[in-house]
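> If it helps, the file is called run.tsv and holds TSV, C-alpha atoms and all ligand atoms:
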```tsv
chain	number	residue	atom	x	y	z
A	1	MET	CA	-26.50	-17.68	44.72
A	2	GLN	CA	-24.08	-16.21	47.27
A	3	GLU	CA	-21.41	-18.48	45.77
A	4	TYR	CA	-20.86	-15.93	43.07
A	5	SER	CA	-19.52	-13.28	45.45
A	6	ALA	CA	-15.90	-12.81	44.47
A	7	SER	CA	-14.13	-13.30	47.75
A	8	VAL	CA	-10.57	-14.45	47.39
A	9	HIS	CA	-10.75	-17.48	49.65
A	10	ARG	CA	-13.56	-18.92	47.57
A	11	ARG	CA	-11.82	-18.46	44.23
A	12	PHE	CA	-11.28	-22.17	43.83
A	13	GLN	CA	-14.94	-22.93	44.24
A	14	VAL	CA	-15.99	-19.99	42.10
A	15	SER	CA	-13.65	-21.04	39.28
A	16	SER	CA	-15.14	-24.48	39.48
A	17	ILE	CA	-18.58	-23.01	39.16
A	18	PHE	CA	-17.47	-21.16	36.03
A	19	CYS	CA	-16.33	-24.46	34.58
A	20	ALA	CA	-19.76	-25.86	35.28
A	21	LEU	CA	-21.50	-22.84	33.89
A	22	ILE	CA	-19.64	-23.02	30.62
A	23	LEU	CA	-20.35	-26.68	30.28
A	24	ALA	CA	-23.93	-26.19	31.31
A	25	ALA	CA	-24.20	-23.43	28.71
A	26	LEU	CA	-22.71	-25.67	26.04
A	27	ALA	CA	-24.96	-28.53	27.03
A	28	PHE	CA	-27.93	-26.19	26.90
A	29	VAL	CA	-26.85	-24.91	23.49
A	30	SER	CA	-26.25	-28.42	22.16
A	31	ALA	CA	-29.62	-29.64	23.31
A	32	GLY	CA	-31.12	-27.01	21.04
A	33	CYS	CA	-33.41	-26.16	23.91
A	34	LYS	CA	-35.49	-23.16	23.05
A	35	SER	CA	-37.78	-23.09	26.03
A	36	LYS	CA	-36.75	-21.12	29.07
A	37	PRO	CA	-37.42	-22.08	32.65
A	38	ALA	CA	-39.99	-19.79	34.17
A	39	GLU	CA	-37.92	-18.63	37.13
A	40	SER	CA	-34.89	-16.53	36.37
A	41	GLY	CA	-32.02	-16.08	38.79
A	42	PRO	CA	-29.52	-13.33	39.57
A	43	ARG	CA	-28.49	-10.74	36.96
A	44	PHE	CA	-25.04	-9.39	36.24
A	45	HIS	CA	-23.87	-6.65	33.90
A	46	LEU	CA	-21.81	-7.71	30.88
A	47	HIS	CA	-19.80	-5.57	28.49
A	48	GLY	CA	-17.88	-7.13	25.61
A	49	LYS	CA	-17.43	-7.89	21.96
A	50	ILE	CA	-19.17	-10.54	19.89
A	51	VAL	CA	-16.69	-13.15	18.68
A	52	SER	CA	-19.16	-15.32	16.79
A	53	VAL	CA	-22.88	-15.94	16.48
A	54	SER	CA	-24.59	-19.27	15.92
A	55	ALA	CA	-28.22	-18.93	14.87
A	56	LYS	CA	-28.55	-22.70	14.87
A	57	ASP	CA	-27.47	-22.99	18.50
A	58	GLY	CA	-29.16	-19.79	19.56
A	59	SER	CA	-25.93	-18.54	21.10
A	60	ALA	CA	-23.31	-15.83	20.84
A	61	THR	CA	-19.69	-16.17	21.89
A	62	VAL	CA	-18.64	-13.02	23.70
A	63	ASP	CA	-15.17	-11.76	24.61
A	64	HIS	CA	-16.16	-9.82	27.70
A	65	ASP	CA	-14.69	-7.72	30.50
A	66	ALA	CA	-14.79	-8.90	34.09
A	67	ILE	CA	-18.38	-9.25	35.29
A	68	PRO	CA	-18.51	-7.74	38.79
A	69	ASP	CA	-19.43	-10.31	41.47
A	70	PHE	CA	-19.71	-13.06	38.87
A	71	MET	CA	-16.61	-13.91	36.82
A	72	GLY	CA	-13.38	-12.61	35.38
A	73	ALA	CA	-12.83	-11.43	31.83
A	74	MET	CA	-13.10	-14.29	29.36
A	75	THR	CA	-14.45	-15.49	26.05
A	76	MET	CA	-17.32	-17.91	26.21
A	77	PRO	CA	-20.60	-18.81	24.47
A	78	TYR	CA	-23.91	-17.65	25.96
A	79	PRO	CA	-27.38	-18.69	24.92
A	80	VAL	CA	-29.40	-15.69	23.67
A	81	PRO	CA	-33.01	-16.79	24.13
A	82	ASP	CA	-34.49	-14.08	21.90
A	83	ALA	CA	-33.83	-15.17	18.29
A	84	LYS	CA	-34.73	-11.73	16.93
A	85	VAL	CA	-32.09	-10.14	19.11
A	86	LEU	CA	-29.57	-12.79	18.17
A	87	ALA	CA	-30.20	-12.08	14.48
A	88	THR	CA	-29.10	-8.47	14.92
A	89	LEU	CA	-25.72	-9.45	16.36
A	90	ALA	CA	-22.57	-9.78	14.29
A	91	ARG	CA	-18.92	-10.49	14.91
A	92	GLY	CA	-17.14	-7.45	16.29
A	93	ASP	CA	-20.23	-5.75	17.72
A	94	GLU	CA	-19.62	-4.12	21.08
A	95	ILE	CA	-22.48	-4.97	23.41
A	96	THR	CA	-23.80	-4.64	26.91
A	97	ALA	CA	-26.25	-7.18	28.31
A	98	ASP	CA	-27.64	-8.73	31.46
A	99	VAL	CA	-26.27	-12.16	32.27
A	100	VAL	CA	-29.20	-13.99	33.81
A	101	VAL	CA	-28.37	-17.21	35.61
A	102	THR	CA	-31.26	-19.62	35.49
A	103	GLU	CA	-30.82	-23.10	36.90
A	104	GLY	CA	-27.06	-22.72	36.54
A	105	VAL	CA	-27.19	-21.59	32.91
A	106	PRO	CA	-26.12	-18.01	32.23
A	107	ASP	CA	-27.88	-16.46	29.25
A	108	LEU	CA	-28.03	-12.98	27.79
A	109	GLU	CA	-30.99	-10.65	28.04
A	110	ASN	CA	-31.49	-6.92	27.39
A	111	VAL	CA	-28.73	-6.97	24.79
A	112	VAL	CA	-27.75	-3.51	23.57
A	113	ILE	CA	-25.36	-2.95	20.67
A	114	VAL	CA	-23.19	-0.08	21.88
A	115	LYS	CA	-21.12	0.07	18.74
A	116	LYS	CA	-21.80	-1.76	15.49
A	117	ALA	CA	-18.79	-3.53	13.94
A	118	PRO	CA	-17.43	-2.13	10.69
A	119	GLN	CA	-18.47	-4.02	7.54
A	120	PRO	CA	-16.90	-7.46	7.89
A	121	LYS	CA	-14.25	-8.46	5.36
A	122	PRO	CA	-14.39	-12.11	4.35
A	123	ASP	CA	-11.44	-13.75	6.07
A	124	PRO	CA	-11.79	-17.52	6.18
A	125	ALA	CA	-8.80	-17.89	8.52
A	126	SER	CA	-10.40	-15.85	11.29
A	127	SER	CA	-14.09	-16.11	10.54
A	128	SER	CA	-14.70	-18.11	13.69
A	129	SER	CA	-12.80	-18.56	16.92
A	130	PHE	CA	-14.02	-22.15	17.15
A	131	HIS	CA	-13.30	-24.75	14.52
A	132	VAL	CA	-15.94	-27.44	14.77
A	133	PRO	CA	-14.45	-30.76	13.65
A	134	GLN	CA	-16.58	-32.16	10.84
A	135	PRO	CA	-16.82	-35.80	9.73
A	136	GLY	CA	-14.17	-36.32	7.06
A	137	ASP	CA	-11.80	-33.60	8.29
A	138	ALA	CA	-8.20	-34.81	8.11
A	139	VAL	CA	-6.64	-34.58	11.56
A	140	PRO	CA	-3.28	-32.76	11.47
A	141	ASP	CA	-0.26	-34.69	12.65
A	142	PHE	CA	0.03	-32.96	16.03
A	143	ALA	CA	2.92	-33.84	18.34
A	144	LEU	CA	2.37	-34.54	22.05
A	145	LEU	CA	4.44	-35.58	25.08
A	146	ASP	CA	3.21	-38.94	26.36
A	147	GLN	CA	3.19	-40.57	29.80
A	148	ASN	CA	6.68	-41.96	29.17
A	149	GLY	CA	8.13	-38.56	28.33
A	150	LYS	CA	8.26	-39.56	24.68
A	151	ARG	CA	7.28	-37.17	21.91
A	152	ILE	CA	4.55	-38.90	19.91
A	153	HIS	CA	2.67	-37.94	16.75
A	154	LEU	CA	-1.00	-38.51	16.03
A	155	ARG	CA	-0.03	-40.28	12.82
A	156	SER	CA	1.38	-43.11	14.92
A	157	PHE	CA	-2.24	-44.06	15.68
A	158	ARG	CA	-2.99	-44.57	11.99
A	159	GLY	CA	-4.36	-47.99	11.20
A	160	ASP	CA	-6.40	-48.01	14.42
A	161	ALA	CA	-9.57	-46.18	15.40
A	162	LEU	CA	-8.65	-43.49	17.90
A	163	LEU	CA	-10.86	-42.03	20.61
A	164	LEU	CA	-9.24	-38.76	21.60
A	165	THR	CA	-10.38	-36.55	24.44
A	166	PHE	CA	-9.08	-33.56	26.38
A	167	ILE	CA	-8.67	-33.34	30.13
A	168	TYR	CA	-6.56	-31.78	32.82
A	169	THR	CA	-5.72	-33.94	35.79
A	170	ARG	CA	-6.45	-31.26	38.42
A	171	CYS	CA	-10.02	-30.70	37.18
A	172	PRO	CA	-12.09	-30.49	40.36
A	173	PHE	CA	-15.49	-31.17	38.84
A	174	VAL	CA	-16.61	-34.79	38.95
A	175	ASP	CA	-19.00	-34.32	36.05
A	176	PHE	CA	-16.38	-33.04	33.64
A	177	CYS	CA	-12.77	-34.25	33.21
A	178	PRO	CA	-13.10	-36.98	35.85
A	179	LYS	CA	-16.29	-38.21	34.15
A	180	VAL	CA	-14.80	-38.33	30.65
A	181	SER	CA	-11.75	-40.18	32.03
A	182	ASP	CA	-13.98	-42.59	33.92
A	183	ASN	CA	-15.91	-43.22	30.69
A	184	PHE	CA	-12.64	-43.84	28.86
A	185	ALA	CA	-11.68	-46.27	31.64
A	186	HIS	CA	-14.89	-48.17	30.96
A	187	VAL	CA	-14.17	-48.27	27.23
A	188	TYR	CA	-10.68	-49.57	28.07
A	189	ALA	CA	-12.19	-52.27	30.29
A	190	MET	CA	-14.39	-53.37	27.36
A	191	LEU	CA	-11.40	-53.42	25.00
A	192	ARG	CA	-8.83	-54.95	27.29
A	193	ASP	CA	-9.31	-58.58	26.37
A	194	GLU	CA	-10.49	-58.11	22.79
A	195	THR	CA	-8.51	-59.84	20.09
A	196	GLY	CA	-10.82	-59.19	17.11
A	197	PRO	CA	-11.37	-55.91	15.27
A	198	GLN	CA	-11.96	-54.16	18.59
A	199	SER	CA	-8.33	-54.70	19.47
A	200	ARG	CA	-7.72	-51.94	16.95
A	201	ILE	CA	-9.46	-49.28	19.03
A	202	ARG	CA	-7.13	-46.97	20.94
A	203	LEU	CA	-7.76	-44.29	23.55
A	204	LEU	CA	-5.82	-41.06	24.01
A	205	SER	CA	-6.40	-38.50	26.77
A	206	VAL	CA	-4.68	-35.21	26.02
A	207	SER	CA	-4.02	-32.68	28.78
A	208	PHE	CA	-4.26	-28.97	28.07
A	209	ASP	CA	-2.32	-28.26	31.28
A	210	PRO	CA	1.22	-29.20	30.17
A	211	ALA	CA	2.96	-27.21	32.92
A	212	HIS	CA	1.37	-29.39	35.60
A	213	ASP	CA	0.57	-32.60	33.74
A	214	THR	CA	4.08	-33.98	33.39
A	215	PRO	CA	4.63	-37.60	32.30
A	216	ALA	CA	4.86	-38.66	35.98
A	217	VAL	CA	1.57	-36.90	36.82
A	218	LEU	CA	-0.09	-38.51	33.81
A	219	ARG	CA	1.11	-41.99	34.88
A	220	GLN	CA	-0.29	-41.38	38.34
A	221	TYR	CA	-3.57	-40.17	36.87
A	222	ALA	CA	-3.81	-43.29	34.68
A	223	ALA	CA	-3.25	-45.48	37.75
A	224	SER	CA	-6.10	-43.71	39.57
A	225	PHE	CA	-8.57	-45.49	37.25
A	226	SER	CA	-7.20	-48.97	37.98
A	227	HIS	CA	-10.39	-49.89	39.86
A	228	THR	CA	-12.09	-49.87	36.44
A	229	THR	CA	-9.25	-50.71	34.06
A	230	GLY	CA	-7.77	-53.43	36.28
A	231	THR	CA	-4.26	-52.10	35.77
A	232	ASP	CA	-1.99	-49.24	36.83
A	233	ARG	CA	-0.58	-49.15	33.32
A	234	PRO	CA	-3.33	-49.24	30.69
A	235	PHE	CA	-0.91	-47.83	28.10
A	236	ASP	CA	-1.22	-50.77	25.70
A	237	ARG	CA	-4.53	-49.26	24.54
A	238	TRP	CA	-4.94	-46.03	26.49
A	239	ASP	CA	-2.29	-43.35	26.19
A	240	PHE	CA	-2.03	-40.14	28.16
A	241	ALA	CA	-0.21	-37.15	26.78
A	242	ALA	CA	0.13	-33.41	27.22
A	243	ALA	CA	-0.12	-30.92	24.41
A	244	PRO	CA	3.09	-28.87	24.40
A	245	GLU	CA	2.52	-25.24	25.44
A	246	LYS	CA	3.52	-23.92	22.03
A	247	GLU	CA	1.33	-26.23	19.97
A	248	LEU	CA	-1.62	-26.20	22.37
A	249	PRO	CA	-3.52	-23.26	20.80
A	250	GLU	CA	-3.43	-24.87	17.36
A	251	ILE	CA	-4.42	-28.29	18.70
A	252	ALA	CA	-7.27	-26.78	20.73
A	253	LYS	CA	-8.46	-24.80	17.74
A	254	PHE	CA	-8.66	-27.84	15.50
A	255	PHE	CA	-10.53	-29.91	18.08
A	256	GLY	CA	-12.98	-27.14	18.99
A	257	LEU	CA	-11.66	-26.98	22.54
A	258	TYR	CA	-12.09	-23.80	24.56
A	259	TYR	CA	-9.78	-23.34	27.56
A	260	ASN	CA	-8.74	-20.43	29.69
A	261	ALA	CA	-6.18	-20.88	32.45
A	262	LYS	CA	-6.16	-18.64	35.48
A	263	GLU	CA	-4.19	-19.31	38.64
A	264	GLY	CA	-4.17	-23.07	38.28
A	265	GLN	CA	-7.87	-23.41	37.50
A	266	ILE	CA	-8.84	-23.93	33.89
A	267	THR	CA	-12.20	-22.96	32.50
A	268	HIS	CA	-12.82	-25.20	29.52
A	269	SER	CA	-15.23	-26.95	27.21
A	270	MET	CA	-15.25	-30.67	26.41
A	271	SER	CA	-14.01	-32.21	23.17
A	272	THR	CA	-14.03	-35.90	22.33
A	273	SER	CA	-13.33	-37.16	18.81
A	274	LEU	CA	-13.58	-40.49	17.09
A	275	ILE	CA	-10.85	-40.63	14.44
A	276	SER	CA	-10.84	-43.24	11.67
A	277	PRO	CA	-7.87	-45.52	10.95
A	278	ASP	CA	-6.91	-43.23	8.07
A	279	GLY	CA	-6.79	-40.20	10.34
A	280	LYS	CA	-10.12	-38.48	9.68
A	281	ILE	CA	-12.81	-37.22	12.02
A	282	VAL	CA	-15.74	-39.64	12.19
A	283	ALA	CA	-17.61	-38.02	15.09
A	284	TRP	CA	-17.08	-35.19	17.52
A	285	PHE	CA	-18.75	-34.68	20.89
A	286	HIS	CA	-18.66	-31.38	22.74
A	287	ASP	CA	-20.37	-32.72	25.82
A	288	ASN	CA	-20.15	-35.58	28.26
A	289	ASP	CA	-23.51	-37.12	27.46
A	290	TRP	CA	-22.24	-40.04	25.39
A	291	ASN	CA	-21.94	-43.39	27.12
A	292	PRO	CA	-19.02	-45.79	26.82
A	293	SER	CA	-21.02	-48.51	25.05
A	294	ASP	CA	-22.24	-46.16	22.30
A	295	LEU	CA	-18.76	-44.78	21.77
A	296	MET	CA	-17.40	-48.31	21.65
A	297	ALA	CA	-20.08	-49.28	19.08
A	298	ASP	CA	-19.21	-46.28	16.89
A	299	ALA	CA	-15.50	-47.04	17.10
A	300	THR	CA	-16.15	-50.70	16.31
A	301	LYS	CA	-18.00	-49.73	13.11
A	302	THR	CA	-15.00	-47.63	12.14
A	303	VAL	CA	-12.59	-50.56	12.38
A	304	THR	CA	-14.88	-53.08	10.74
A	305	VAL	CA	-15.80	-51.12	7.59
A	306	GLN	CA	-12.28	-51.42	6.18
A	307	ALA	CA	-11.14	-54.55	4.37
A	308	PRO	CA	-8.10	-56.14	6.04
A	309	GLN	CA	-6.05	-55.67	2.86
A	310	ALA	CA	-6.77	-51.95	2.71
A	311	ARG	CA	-5.85	-51.69	6.36
A	312	HIS	CA	-2.52	-53.34	5.70
A	313	LYS	CA	-1.72	-50.87	2.94
A	314	LEU	CA	-2.71	-48.02	5.20
A	315	ALA	CA	-0.47	-49.23	7.97
A	316	GLN	CA	2.43	-49.29	5.53
A	317	ARG	CA	2.03	-45.68	4.62
A	318	VAL	CA	1.28	-44.18	7.97
A	319	SER	CA	3.34	-41.13	7.12
A	320	ALA	CA	1.25	-40.27	4.08
A	321	VAL	CA	-0.75	-37.34	5.34
A	322	GLY	CA	-3.99	-36.82	3.48
A	323	ALA	CA	-4.11	-40.31	2.00
A	324	THR	CA	-6.60	-40.56	-0.85
A	325	HIS	CA	-7.86	-43.99	0.16
A	326	ALA	CA	-11.64	-43.80	0.02
A	327	LEU	CA	-12.92	-45.02	3.34
A	328	PRO	CA	-16.63	-45.82	3.56
A	329	GLN	CA	-17.83	-43.51	6.29
A	330	PRO	CA	-19.93	-45.14	8.98
A	331	THR	CA	-22.79	-43.08	10.27
A	332	PRO	CA	-22.64	-43.28	14.02
A	333	SER	CA	-25.92	-42.73	15.75
A	334	SER	CA	-24.51	-40.08	17.98
A	335	VAL	CA	-22.51	-37.80	15.70
A	336	VAL	CA	-22.66	-34.29	17.03
A	337	VAL	CA	-22.11	-31.62	14.45
A	338	LEU	CA	-22.71	-27.98	15.18
A	339	ASN	CA	-23.26	-25.34	12.50
A	401	CU	CU	-12.42	-30.18	33.59
```
Output the file's structure in the form of structure tokens.


Amino acid sequence: MQEYSASVHRRFQVSSIFCALILAALAFVSAGCKSKPAESGPRFHLHGKIVSVSAKDGSATVDHDAIPDFMGAMTMPYPVPDAKVLATLARGDEITADVVVTEGVPDLENVVIVKKAPQPKPDPASSSSFHVPQPGDAVPDFALLDQNGKRIHLRSFRGDALLLTFIYTRCPFVDFCPKVSDNFAHVYAMLRDETGPQSRIRLLSVSFDPAHDTPAVLRQYAASFSHTTGTDRPFDRWDFAAAPEKELPEIAKFFGLYYNAKEGQITHSMSTSLISPDGKIVAWFHDNDWNPSDLMADATKTVTVQAPQARHKLAQRVSAVGATHALPQPTPSSVVVLN
């Protein structure tokens, strides 16, 4: 575990490890795994404030100070294996704890509440730092800058099923952004020659690194998957875009995306959504465990449940946000809903 020593020349690698740790932590949380591996790894001292607690996931999100020899100050979720301890924690509590890294997953032990938070006031707007997209949630009409340098709106995808994911092109970890993009490339390859209902499935990869991921960089990135897509320009069905700096926090919040940029490396979670033709969340995935065929099957259900006539009407009123058209909701086998 010497990798965790904070020497400057290894920052790149260390940052990458943080990315993995967060994702590993999220994967661990999502698996609902309650058992703990017998061997525990190195311990580090944490001091911070509880941002939110999820009893269901057995985790607490902590806004913490720098952890000497381990990681910089950041906000991230940690599994808390002891449910009784977790139950005593509340938003705003100041805590200290040991971060114990076991098989790459950092969890919290020996949690001590240093200062209890004052009585919480109900405030729906700030009750949680993470919004978890729920099936049926209307997706706001966010604006993005696409691979052609054109400002596009999510409403322009209305009428089609949209698979939307978040990436940044410099992500160094093959199992994270590169994997989700590779999976999208496989979905594209399945869609490419479809002329039936599946021709109404679109892909959109949104970068949360707008300063670096310019339209030219995004075009290059798209071309790097040509071995799977069969084309340098898959933009007929797969768009790439960057979230503008100003709108990024709001977009990330809606899609349950955590990101934290430091010196070119971005620590982040995963967020992939299936959005129905009338602009509502059908399914949301916070991991990379889905496979392209399942996602394709879920998206196909979404475009086949609507009668062609209803679709036509929908396409005509693409600008009507919050349309009241009652869409029968498919129940994909792999919907992931937290909380
Ligand atoms: Cu990444």

> As an exercise, work out the distance from CA of Gln265 in chain A to CA of Arg170 in chain A in Å and give it to one decimal place.

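Interatomic distance, CA of Gln265 in chain A to CA of Arg170 in chain A: 8.0 Å.
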
> Return the single residue from A:Pro210, A:Pro172, A:Trp284, A:Phe255 that is closest to ligand CU 401 (chain A), with distances computed using all atoms listed in the file.

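Going through A:Pro210, A:Pro172, A:Trp284, A:Phe255 one by one, the smallest distance to ligand CU 401 (chain A) is for A:Pro172.
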
> Given only C-alpha atoms and all ligand atoms as the basis, pick out the residue of A:Tyr78, A:Phe208, A:Phe142, A:Phe235 nearest to ligand CU 401 (chain A).

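Closest to ligand CU 401 (chain A) of all the choices is A:Phe208.
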
> List as a list in words the protein and nucleic acid residues near range 100-103 of chain A, meaning an atom at most 6 Å away when all atoms listed in the file are counted, but skip any in the same chain fewer than 2 places from it.

Ser40, Gly41, Pro42, Arg43, Asp98, Val105, Pro106 and Asp107 of chain A

> Pull C-alpha atoms from the residues just selected and write them as an mmCIF file, in the coordinates of the input.


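In the end it all went to selection07.cif:
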```cif
data_model
loop_
_atom_site.group_PDB
_atom_site.id
_atom_site.type_symbol
_atom_site.label_atom_id
_atom_site.label_comp_id
_atom_site.auth_asym_id
_atom_site.auth_seq_id
_atom_site.Cartn_x
_atom_site.Cartn_y
_atom_site.Cartn_z
ATOM 1 C CA SER A 40 -34.890 -16.530 36.370
ATOM 2 C CA GLY A 41 -32.020 -16.080 38.790
ATOM 3 C CA PRO A 42 -29.520 -13.330 39.570
ATOM 4 C CA ARG A 43 -28.490 -10.740 36.960
ATOM 5 C CA ASP A 98 -27.640 -8.730 31.460
ATOM 6 C CA VAL A 105 -27.190 -21.590 32.910
ATOM 7 C CA PRO A 106 -26.120 -18.010 32.230
ATOM 8 C CA ASP A 107 -27.880 -16.460 29.250
#
```

> Given all atoms listed in the file as the basis, pick out the residue of A:Phe70, A:Phe157, A:Tyr221, A:Trp290 nearest to Val187 in chain A.

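Nearest to Val187 in chain A: A:Trp290.
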
> Can you tell me, as an NGL selection string, what residues are no more than 10 Å from Pro197 in chain A when counting only C-alpha atoms, ignoring any on the same chain fewer than 3 positions away?

:A and (160-161 or 194 or 200-201 or 299-304 or 308)

> To one decimal in Å, tell me the separation between CA of Val282 in chain A and CA of Met296 in chain A.

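Straight-line distance from CA of Val282 in chain A to CA of Met296 in chain A works out to 12.9 Å.
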
> Kindly reconstruct range 36-58 of chain A with N, CA and C atoms and present the result as a tab-separated table (two decimals), in the coordinates of the input.


```
chain	number	residue	atom	x	y	z
A	36	LYS	N	-37.49	-21.67	27.94
A	36	LYS	CA	-36.75	-21.12	29.07
A	36	LYS	C	-37.49	-21.42	30.36
A	37	PRO	N	-36.75	-21.85	31.39
A	37	PRO	CA	-37.42	-22.08	32.65
A	37	PRO	C	-38.10	-20.79	33.12
A	38	ALA	N	-39.19	-20.95	33.81
A	38	ALA	CA	-39.99	-19.79	34.17
A	38	ALA	C	-39.26	-18.87	35.14
A	39	GLU	N	-38.57	-19.47	36.13
A	39	GLU	CA	-37.92	-18.63	37.13
A	39	GLU	C	-36.54	-18.23	36.67
A	40	SER	N	-36.24	-16.92	36.73
A	40	SER	CA	-34.89	-16.53	36.37
A	40	SER	C	-34.16	-16.09	37.63
A	41	GLY	N	-32.84	-16.31	37.62
A	41	GLY	CA	-32.02	-16.08	38.79
A	41	GLY	C	-31.37	-14.72	38.79
A	42	PRO	N	-30.20	-14.62	39.43
A	42	PRO	CA	-29.52	-13.33	39.57
A	42	PRO	C	-29.05	-12.77	38.23
A	43	ARG	N	-28.92	-11.44	38.18
A	43	ARG	CA	-28.49	-10.74	36.96
A	43	ARG	C	-27.16	-10.06	37.20
A	44	PHE	N	-26.33	-10.06	36.16
A	44	PHE	CA	-25.04	-9.39	36.24
A	44	PHE	C	-24.84	-8.59	34.96
A	45	HIS	N	-24.05	-7.52	35.06
A	45	HIS	CA	-23.87	-6.65	33.90
A	45	HIS	C	-22.66	-7.09	33.08
A	46	LEU	N	-22.89	-7.28	31.78
A	46	LEU	CA	-21.81	-7.71	30.88
A	46	LEU	C	-21.51	-6.62	29.86
A	47	HIS	N	-20.22	-6.44	29.58
A	47	HIS	CA	-19.80	-5.57	28.49
A	47	HIS	C	-18.74	-6.32	27.71
A	48	GLY	N	-18.89	-6.40	26.38
A	48	GLY	CA	-17.88	-7.13	25.61
A	48	GLY	C	-18.12	-7.03	24.12
A	49	LYS	N	-17.37	-7.88	23.42
A	49	LYS	CA	-17.43	-7.89	21.96
A	49	LYS	C	-17.86	-9.26	21.47
A	50	ILE	N	-18.72	-9.26	20.47
A	50	ILE	CA	-19.17	-10.54	19.89
A	50	ILE	C	-18.02	-11.16	19.10
A	51	VAL	N	-17.73	-12.43	19.41
A	51	VAL	CA	-16.69	-13.15	18.68
A	51	VAL	C	-17.32	-13.95	17.54
A	52	SER	N	-18.44	-14.59	17.83
A	52	SER	CA	-19.16	-15.32	16.79
A	52	SER	C	-20.61	-15.50	17.22
A	53	VAL	N	-21.45	-15.76	16.21
A	53	VAL	CA	-22.88	-15.94	16.48
A	53	VAL	C	-23.31	-17.24	15.82
A	54	SER	N	-24.05	-18.06	16.53
A	54	SER	CA	-24.59	-19.27	15.92
A	54	SER	C	-26.12	-19.23	16.03
A	55	ALA	N	-26.76	-18.98	14.88
A	55	ALA	CA	-28.22	-18.93	14.87
A	55	ALA	C	-28.77	-20.32	15.20
A	56	LYS	N	-28.09	-21.33	14.69
A	56	LYS	CA	-28.55	-22.70	14.87
A	56	LYS	C	-28.59	-23.07	16.36
A	57	ASP	N	-27.53	-22.64	17.08
A	57	ASP	CA	-27.47	-22.99	18.50
A	57	ASP	C	-28.14	-21.96	19.39
A	58	GLY	N	-28.54	-20.84	18.77
A	58	GLY	CA	-29.16	-19.79	19.56
A	58	GLY	C	-28.19	-19.19	20.56
```
